[in-house]
Amino acid sequence: MPNRILLELTSRRRIYDHIKNVPGIHMRRLERELNIPLSTLDYHLRQMERKGLVAARKEGQKKSYFVRNTMDPKDQHYLYYLRHRTTRWILLEILENPGTSLRGLTGRLPVGAPTISYHLKKLIRAEIVQPVWIGRHRRYQVVESERLQRLIEAWRGTFRRQPTMAARQPAATPATEEAQAINWLFAESDRSPANSR
């Protein structure tokens with residue numbers, strides 16, 4: 001009953017519903033899409049966190065939100081990284097080209113090797129990507145590629161589209177609908193490629 005009363009306020013209900021529809025959404029995106037001042041948004045989010053309606057996750061400067069008890073914890077973990085533009089690019093590229101190298105990623109993504117290496121380390125620590133050695137060469141693959149593919153398909157429409165991502169150079173012409181879906185997501189972004197971290 002207390003939680004239902006908490007959500008009776010229209011603005012708070014809008015925030016809750018938006019997080020439910022776009023799990024892992026960042027606060028700044030919530031601010032833009034709901035047109036709610038950041039201070040007001042922060043107040044409502046704190047109230048909902050306190051009452052256990054939403055959960056926040058923060059690494060670095062970005063804070064993401066999920067509705068509590070609505071998603072498998074591991075799905076939530078993967079989706080958290082998919083919500084970050086650069087890690088999403090890296091994950092999609094590795095999913096499309098398992099066993100790719102840092103050089104391969106650098107040649108196909110519109111960000112430099114230091115940035116890619118930085119995010120790869122985060123993904124390895126998160127146990128989403130794992131390095132494999134082929135001779136002297138270090139390659140990368142997704143730990144649970146089926147999970148990642150399922151999440152991409154399930155939440156594809158919630159990634160923001162950014163047509164300026166034409167700078168990405170695909171490894172090969174997609175031959176299947178699945179590959180086309182992955183390729184299309186490289187045109188998804190929260191902002192322009194300029195600030196990739």
# chains A, B, ... in the order shown; residues from 1 in each chain; ligands from 1
call {"tool": "select_by_dssp", "arguments": {"residues": "range 67-165 of chain A", "states": "helix (DSSP H, G or I)", "output": "PyMOL selection string"}}
result
chain A and resi 73-82+85-96+102-108+113-125+145-158+163-165
call {"tool": "residues_around", "arguments": {"residues": "Arg139 in chain A", "least_positions_apart": "6", "cutoff": "12 Å", "atoms": "only C-alpha atoms", "output": "list of chain:residue names"}}
result
A:Ile94, A:Asn97, A:Pro98, A:Gly99, A:Thr100, A:Ser101, A:Leu102, A:Arg103, A:Gly104, A:Leu105, A:Leu120, A:Val129, A:Gln130, A:Pro131, A:Val132, A:Trp133
call {"tool": "residues_around", "arguments": {"residues": "Met27 in chain A", "least_positions_apart": "3", "cutoff": "8 Å", "atoms": "only C-alpha atoms", "output": "ChimeraX atom specification"}}
result
/A:30-31,62-65
call {"tool": "select_by_dssp", "arguments": {"residues": "range 88-175 of chain A", "states": "strand (DSSP E)", "output": "PyMOL selection string"}}
result
chain A and resi 129-134+137-142
call {"tool": "write_last_selection", "arguments": {"atoms": "N, CA and C atoms", "output": "short mmCIF file (atom, residue, chain, number, x, y, z; two decimals), in the first residue's frame"}}
result
data_model
loop_
_atom_site.label_atom_id
_atom_site.label_comp_id
_atom_site.auth_asym_id
_atom_site.auth_seq_id
_atom_site.Cartn_x
_atom_site.Cartn_y
_atom_site.Cartn_z
N VAL A 129 33.19 -10.22 -21.15
CA VAL A 129 34.11 -10.56 -22.24
C VAL A 129 35.29 -11.32 -21.64
N GLN A 130 35.78 -12.28 -22.39
CA GLN A 130 36.98 -13.00 -21.95
C GLN A 130 38.03 -13.01 -23.05
N PRO A 131 39.31 -12.87 -22.67
CA PRO A 131 40.39 -12.95 -23.66
C PRO A 131 40.75 -14.40 -23.92
N VAL A 132 41.09 -14.71 -25.15
CA VAL A 132 41.57 -16.05 -25.49
C VAL A 132 42.84 -15.87 -26.31
N TRP A 133 43.80 -16.74 -26.06
CA TRP A 133 45.08 -16.64 -26.78
C TRP A 133 45.10 -17.64 -27.93
N ILE A 134 45.41 -17.15 -29.10
CA ILE A 134 45.60 -18.00 -30.28
C ILE A 134 47.04 -17.78 -30.71
N HIS A 137 48.68 -14.30 -30.19
CA HIS A 137 47.70 -13.24 -30.40
C HIS A 137 46.56 -13.32 -29.39
N ARG A 138 46.22 -12.19 -28.83
CA ARG A 138 45.13 -12.12 -27.86
C ARG A 138 43.85 -11.74 -28.59
N ARG A 139 42.84 -12.56 -28.42
CA ARG A 139 41.55 -12.33 -29.05
C ARG A 139 40.48 -12.20 -27.97
N TYR A 140 39.29 -11.78 -28.38
CA TYR A 140 38.22 -11.55 -27.41
C TYR A 140 36.93 -12.21 -27.85
N GLN A 141 36.18 -12.70 -26.86
CA GLN A 141 34.87 -13.27 -27.14
C GLN A 141 33.93 -12.97 -25.98
N VAL A 142 32.64 -12.96 -26.26
CA VAL A 142 31.63 -12.74 -25.23
C VAL A 142 31.45 -14.02 -24.43
#
call {"tool": "closest_residue", "arguments": {"among": "A:Ile128, A:Leu79, A:Thr86, A:Ser11", "to": "Ala113 in chain A", "atoms": "only C-alpha atoms"}}
result
A:Thr86
call {"tool": "residues_around", "arguments": {"residues": "Ile19 in chain A", "least_positions_apart": "4", "cutoff": "12 Å", "atoms": "only C-alpha atoms", "output": "PDB file with N, CA and C atoms, in the first residue's frame"}}
result
ATOM      1  N   ARG A  12       6.084  11.135 -10.592  1.00  0.00           N
ATOM      2  CA  ARG A  12       6.813   9.984 -10.073  1.00  0.00           C
ATOM      3  C   ARG A  12       6.428   8.711 -10.830  1.00  0.00           C
ATOM      4  N   ARG A  13       5.159   8.583 -11.154  1.00  0.00           N
ATOM      5  CA  ARG A  13       4.699   7.434 -11.932  1.00  0.00           C
ATOM      6  C   ARG A  13       5.342   7.435 -13.312  1.00  0.00           C
ATOM      7  N   ARG A  14       5.473   8.620 -13.935  1.00  0.00           N
ATOM      8  CA  ARG A  14       6.114   8.725 -15.245  1.00  0.00           C
ATOM      9  C   ARG A  14       7.557   8.238 -15.177  1.00  0.00           C
ATOM     10  N   ILE A  15       8.268   8.638 -14.136  1.00  0.00           N
ATOM     11  CA  ILE A  15       9.666   8.228 -13.971  1.00  0.00           C
ATOM     12  C   ILE A  15       9.750   6.713 -13.807  1.00  0.00           C
ATOM     13  N   PRO A  23      15.033  -0.256 -18.935  1.00  0.00           N
ATOM     14  CA  PRO A  23      15.865  -0.620 -17.784  1.00  0.00           C
ATOM     15  C   PRO A  23      17.333  -0.305 -18.014  1.00  0.00           C
ATOM     16  N   GLY A  24      17.966   0.231 -16.971  1.00  0.00           N
ATOM     17  CA  GLY A  24      19.369   0.627 -17.092  1.00  0.00           C
ATOM     18  C   GLY A  24      19.551   2.036 -17.620  1.00  0.00           C
ATOM     19  N   ILE A  25      18.469   2.783 -17.757  1.00  0.00           N
ATOM     20  CA  ILE A  25      18.546   4.137 -18.297  1.00  0.00           C
ATOM     21  C   ILE A  25      19.354   5.046 -17.371  1.00  0.00           C
ATOM     22  N   HIS A  26      20.098   5.982 -17.959  1.00  0.00           N
ATOM     23  CA  HIS A  26      20.898   6.926 -17.199  1.00  0.00           C
ATOM     24  C   HIS A  26      20.041   8.110 -16.765  1.00  0.00           C
ATOM     25  N   MET A  27      20.448   8.752 -15.676  1.00  0.00           N
ATOM     26  CA  MET A  27      19.691   9.885 -15.162  1.00  0.00           C
ATOM     27  C   MET A  27      19.576  11.013 -16.184  1.00  0.00           C
ATOM     28  N   ARG A  29      19.555  10.864 -19.406  1.00  0.00           N
ATOM     29  CA  ARG A  29      18.589  10.516 -20.443  1.00  0.00           C
ATOM     30  C   ARG A  29      17.160  10.640 -19.906  1.00  0.00           C
ATOM     31  N   LEU A  30      16.963  10.234 -18.671  1.00  0.00           N
ATOM     32  CA  LEU A  30      15.645  10.429 -18.042  1.00  0.00           C
ATOM     33  C   LEU A  30      15.272  11.903 -18.049  1.00  0.00           C
ATOM     34  N   GLU A  31      16.232  12.735 -17.702  1.00  0.00           N
ATOM     35  CA  GLU A  31      15.990  14.177 -17.670  1.00  0.00           C
ATOM     36  C   GLU A  31      15.570  14.687 -19.046  1.00  0.00           C
ATOM     37  N   GLU A  33      14.366  12.940 -21.740  1.00  0.00           N
ATOM     38  CA  GLU A  33      13.177  12.338 -22.335  1.00  0.00           C
ATOM     39  C   GLU A  33      11.894  12.665 -21.580  1.00  0.00           C
ATOM     40  N   LEU A  34      12.003  12.906 -20.282  1.00  0.00           N
ATOM     41  CA  LEU A  34      10.808  13.240 -19.498  1.00  0.00           C
ATOM     42  C   LEU A  34      10.667  14.743 -19.281  1.00  0.00           C
ATOM     43  N   LEU A  45      13.745  10.092  -7.548  1.00  0.00           N
ATOM     44  CA  LEU A  45      14.497   8.846  -7.622  1.00  0.00           C
ATOM     45  C   LEU A  45      14.979   8.405  -6.238  1.00  0.00           C
ATOM     46  N   MET A  48      12.075   6.855  -4.422  1.00  0.00           N
ATOM     47  CA  MET A  48      11.761   5.506  -4.906  1.00  0.00           C
ATOM     48  C   MET A  48      12.841   4.498  -4.521  1.00  0.00           C
ATOM     49  N   LEU A  53      11.577   0.713  -4.645  1.00  0.00           N
ATOM     50  CA  LEU A  53      10.899   0.581  -5.940  1.00  0.00           C
ATOM     51  C   LEU A  53      11.887   0.491  -7.086  1.00  0.00           C
ATOM     52  N   VAL A  54      12.984   1.229  -6.992  1.00  0.00           N
ATOM     53  CA  VAL A  54      14.007   1.191  -8.025  1.00  0.00           C
ATOM     54  C   VAL A  54      15.368   0.982  -7.378  1.00  0.00           C
ATOM     55  N   ALA A  55      16.294   0.483  -8.174  1.00  0.00           N
ATOM     56  CA  ALA A  55      17.669   0.290  -7.720  1.00  0.00           C
ATOM     57  C   ALA A  55      18.594   1.080  -8.631  1.00  0.00           C
ATOM     58  N   ALA A  56      19.603   1.700  -8.045  1.00  0.00           N
ATOM     59  CA  ALA A  56      20.564   2.488  -8.807  1.00  0.00           C
ATOM     60  C   ALA A  56      21.901   1.774  -8.865  1.00  0.00           C
ATOM     61  N   SER A  64      22.754   4.585 -13.371  1.00  0.00           N
ATOM     62  CA  SER A  64      21.697   3.909 -14.113  1.00  0.00           C
ATOM     63  C   SER A  64      20.654   3.367 -13.149  1.00  0.00           C
ATOM     64  N   TYR A  65      19.422   3.196 -13.668  1.00  0.00           N
ATOM     65  CA  TYR A  65      18.317   2.770 -12.814  1.00  0.00           C
ATOM     66  C   TYR A  65      17.577   1.579 -13.400  1.00  0.00           C
ATOM     67  N   PHE A  66      17.141   0.716 -12.493  1.00  0.00           N
ATOM     68  CA  PHE A  66      16.329  -0.453 -12.827  1.00  0.00           C
ATOM     69  C   PHE A  66      15.163  -0.527 -11.844  1.00  0.00           C
ATOM     70  N   VAL A  67      14.021  -1.000 -12.318  1.00  0.00           N
ATOM     71  CA  VAL A  67      12.918  -1.304 -11.402  1.00  0.00           C
ATOM     72  C   VAL A  67      13.292  -2.594 -10.681  1.00  0.00           C
ATOM     73  N   ARG A  68      13.109  -2.615  -9.397  1.00  0.00           N
ATOM     74  CA  ARG A  68      13.508  -3.778  -8.593  1.00  0.00           C
ATOM     75  C   ARG A  68      12.661  -5.013  -8.904  1.00  0.00           C
ATOM     76  N   THR A  70      12.345  -7.126 -11.302  1.00  0.00           N
ATOM     77  CA  THR A  70      11.651  -7.322 -12.578  1.00  0.00           C
ATOM     78  C   THR A  70      12.547  -7.986 -13.625  1.00  0.00           C
ATOM     79  N   THR A 158      15.002   0.257 -27.454  1.00  0.00           N
ATOM     80  CA  THR A 158      15.244   1.243 -26.391  1.00  0.00           C
ATOM     81  C   THR A 158      16.622   1.875 -26.477  1.00  0.00           C
TER      82      THR A 158
END
call {"tool": "closest_atom_pairs", "arguments": {"of": "range 39-136 of chain A", "to": "range 146-155 of chain A", "cutoff": "9 Å", "atoms": "only C-alpha atoms", "output": "Markdown table"}}
result
| residue | atom | partner | partner_atom | distance |
| --- | --- | --- | --- | --- |
| A:Asp75 | CA | A:Leu151 | CA | 7.3 |
| A:Tyr78 | CA | A:Leu148 | CA | 7.0 |
| A:Leu79 | CA | A:Leu151 | CA | 7.1 |
| A:Leu82 | CA | A:Ile152 | CA | 8.3 |
| A:Leu91 | CA | A:Leu148 | CA | 8.5 |
| A:Leu92 | CA | A:Leu148 | CA | 8.8 |
| A:Leu95 | CA | A:Gln149 | CA | 7.9 |
